[in-house]
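Following: one structure in structure tokens, then a few remarks.
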Amino acid sequence: MNFHIINSHAFNKKKVVFIMGATGTGKTRLSLDLAAHFPAEIINSDKIQVYKGLDIVTNKVSEMDRRGVAHHLLGEVDPETDFMARDFCLHALKAIDMIVRSGKVPIVIGGSNSYIEALVEEHFFKFKRRYDCCFLWADVVLPVLNSFVSKRVDEMVSAGLVEEVRGMFMPGADYTRGIRRAIGVPELDSYFRAEMMVKMDEKSKEVLLRAAIDEIKTNTHKLVLSQSAKIQRLKIELGWLMHRLDVTPVFEKCGDEADREWEKVVLGPSLEIVGEFLNGN
């Protein structure tokens, strides 16, 4: 099958590809790899990555790493506002229509499954009447994924996570609104308050910082569980046809071996699935 050729009949059906999965499972990499094979644009459905700022904390894909692929709803929203599921649906539908009219494939990716569920299931938006969906589910077994996300938190700290959050720290800030809901922000509150206390020694501050980083890891593990459970509910209770991709073997390899495994167990099957979907099979 030539994956670069997509017939006009498939476009007339207004097809949308969704890439779902818990945080850290490779959704961004897969979206960019698919966009290298199909004419596509990417719509972010992560409820925190929609906001401007905190690029390290929110783990946004950088402009350089986007490979020239257009991204929508990524770092666009005022960080002080509340961007809710309905807001996402309205903006996503506008982006989807624009992408389809341009003759490209909309690829919706993100871990905020409540946003995706609202888009697809709420009758007000009539999504199912207008679009066919293909759901790719990037999945990694929990022990392996938890180990990975813990290491990723350490890498984010090394990359400047603490300094990034310090730049927007405000005593008494509301951590239930806007970008301050992001994991990595409220956990550092006690540490920054301690920094303001002249009498606290450096060793005590270091203990607080380590506790904050451990809490970030714990809350990320909780997020992984929550995201995975929601995907299972969409699959079992709502009957969504999920194409599960077991990414675990990729995480168990390193370097070139991991890349070869990615091609074998993730990208190859995904190209086949999406190619057949877009060609009406």
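Within each chain, counting starts at residue 1; across the structure tokens, chains are named A, B, ... in the order shown, with ligands numbered 1 upward in that order.
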Could you list, with a cut-off of 6 Å and counting only C-alpha atoms, the residues of region 41-101 of chain A near region 159-178 of chain A, each shown with its nearest atom pair and the distance in Å rounded to one decimal, rows sorted by chain and ascending number, as a Markdown table?
| residue | atom | partner | partner_atom | distance |
| --- | --- | --- | --- | --- |
| A:Ile56 | CA | A:Leu161 | CA | 5.8 |
| A:Val57 | CA | A:Leu161 | CA | 5.9 |
| A:Pro79 | CA | A:Gly178 | CA | 5.3 |
| A:Glu80 | CA | A:Gly178 | CA | 4.9 |
| A:Thr81 | CA | A:Gly178 | CA | 5.1 |
| A:Asp82 | CA | A:Gly178 | CA | 4.9 |
Within 12 Å of region 10-29 of chain A, which residues of region 79-117 of chain A come that close, and what is the closest atom pair and distance in Å for each? Count only C-alpha atoms and give it as a Markdown table.
| residue | atom | partner | partner_atom | distance |
| --- | --- | --- | --- | --- |
| A:Ala92 | CA | A:Val16 | CA | 11.3 |
| A:Leu93 | CA | A:Val16 | CA | 10.8 |
| A:Ala95 | CA | A:Val16 | CA | 11.4 |
| A:Ile96 | CA | A:Val16 | CA | 7.9 |
| A:Asp97 | CA | A:Lys14 | CA | 8.5 |
| A:Met98 | CA | A:Lys14 | CA | 11.1 |
| A:Ile99 | CA | A:Lys14 | CA | 9.8 |
| A:Val100 | CA | A:Lys14 | CA | 6.5 |
| A:Arg101 | CA | A:Phe11 | CA | 9.0 |
| A:Ser102 | CA | A:Phe11 | CA | 10.2 |
| A:Gly103 | CA | A:Phe11 | CA | 7.1 |
| A:Lys104 | CA | A:Phe11 | CA | 8.1 |
| A:Val105 | CA | A:Val16 | CA | 6.5 |
| A:Pro106 | CA | A:Val16 | CA | 5.3 |
| A:Ile107 | CA | A:Val17 | CA | 4.8 |
| A:Val108 | CA | A:Phe18 | CA | 4.7 |
| A:Ile109 | CA | A:Ile19 | CA | 4.8 |
| A:Gly110 | CA | A:Met20 | CA | 6.1 |
| A:Gly111 | CA | A:Ala22 | CA | 5.6 |
| A:Ser112 | CA | A:Met20 | CA | 8.6 |
| A:Asn113 | CA | A:Met20 | CA | 7.6 |
| A:Ser114 | CA | A:Met20 | CA | 11.3 |
| A:Tyr115 | CA | A:Met20 | CA | 11.3 |
| A:Ile116 | CA | A:Phe18 | CA | 8.6 |
| A:Glu117 | CA | A:Phe18 | CA | 11.1 |
Helix (DSSP H, G or I) call set, DSSP backbone run, region 66-250 of chain A, as a count of residues only: 109
In terms of the shortest atom-to-atom distance over only C-alpha atoms, which of A:Leu245, A:Ala40, A:Leu142, A:Ala182 is closest to Ser226 (chain A)?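 Of all the options, A:Leu142 lies closest to Ser226 (chain A).
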Using only C-alpha atoms for the distances, tell me which of A:Ser147, A:Ser190, A:Gln232, A:Ser270 is nearest to Glu252 (chain A).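 Among the listed residues, A:Ser147 lies closest to Glu252 (chain A).
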Which of region 19-203 of chain A counts as strand (DSSP E) under DSSP, as an mmCIF file with C-alpha atoms, in the first residue's frame please?
data_model
loop_
_atom_site.group_PDB
_atom_site.id
_atom_site.type_symbol
_atom_site.label_atom_id
_atom_site.label_comp_id
_atom_site.auth_asym_id
_atom_site.auth_seq_id
_atom_site.Cartn_x
_atom_site.Cartn_y
_atom_site.Cartn_z
ATOM 1 C CA ILE A 19 -3.867 9.180 19.401
ATOM 2 C CA MET A 20 -4.630 8.410 23.016
ATOM 3 C CA GLY A 21 -2.642 7.070 25.939
ATOM 4 C CA ALA A 40 -1.634 15.933 8.353
ATOM 5 C CA GLU A 41 -1.860 18.620 10.995
ATOM 6 C CA ILE A 42 -1.908 18.018 14.734
ATOM 7 C CA ILE A 43 -4.448 19.211 17.293
ATOM 8 C CA ASN A 44 -3.393 19.107 20.935
ATOM 9 C CA HIS A 71 0.104 22.272 15.550
ATOM 10 C CA HIS A 72 -3.142 23.683 16.901
ATOM 11 C CA VAL A 105 -5.777 14.706 7.987
ATOM 12 C CA PRO A 106 -6.533 16.010 11.498
ATOM 13 C CA ILE A 107 -4.574 14.095 14.145
ATOM 14 C CA VAL A 108 -5.867 14.781 17.658
ATOM 15 C CA ILE A 109 -3.444 13.814 20.424
ATOM 16 C CA ASP A 132 -15.360 8.901 11.131
ATOM 17 C CA CYS A 133 -12.864 8.192 13.899
ATOM 18 C CA CYS A 134 -9.769 6.047 14.182
ATOM 19 C CA PHE A 135 -8.489 5.610 17.740
ATOM 20 C CA LEU A 136 -4.867 4.612 18.289
ATOM 21 C CA TRP A 137 -4.057 3.745 21.898
ATOM 22 C CA ALA A 138 -0.387 3.888 22.893
ATOM 23 C CA ASP A 139 -0.050 1.700 25.980
#
Applying 8 Å and only C-alpha atoms, which residues near region 203-216 of chain A remain after dropping the ones on its own chain fewer than 6 positions away? List them as a PyMOL selection string. chain A and resi 153+183-184+187-188+190-191+194-195
Would you export the selected residues with N, CA and C atoms as a short mmCIF file (atom, residue, chain, number, x, y, z; two decimals), in the first residue's frame, please?
data_model
loop_
_atom_site.label_atom_id
_atom_site.label_comp_id
_atom_site.auth_asym_id
_atom_site.auth_seq_id
_atom_site.Cartn_x
_atom_site.Cartn_y
_atom_site.Cartn_z
N VAL A 153 10.81 13.04 35.10
CA VAL A 153 10.71 14.15 36.05
C VAL A 153 12.10 14.63 36.43
N ILE A 183 0.70 19.47 37.05
CA ILE A 183 1.57 18.74 37.98
C ILE A 183 2.98 19.31 37.86
N GLY A 184 3.55 19.67 39.01
CA GLY A 184 4.85 20.30 39.02
C GLY A 184 4.81 21.72 39.55
N GLU A 187 3.07 21.44 43.77
CA GLU A 187 3.97 20.65 44.62
C GLU A 187 5.17 21.46 45.11
N LEU A 188 5.53 22.50 44.38
CA LEU A 188 6.70 23.30 44.74
C LEU A 188 6.36 24.50 45.63
N SER A 190 5.46 24.82 48.83
CA SER A 190 6.10 24.83 50.16
C SER A 190 7.58 25.16 50.05
N TYR A 191 8.22 24.66 49.02
CA TYR A 191 9.64 24.92 48.83
C TYR A 191 9.90 26.40 48.56
N ALA A 194 9.53 28.39 51.62
CA ALA A 194 10.70 28.22 52.49
C ALA A 194 11.85 29.10 52.02
N GLU A 195 11.99 29.25 50.71
CA GLU A 195 13.05 30.10 50.17
C GLU A 195 12.92 31.54 50.67
#
Atomic separation - CA of Lys128 (chain A) relative to CA of Leu30 (chain A), Å: 24.2 Å
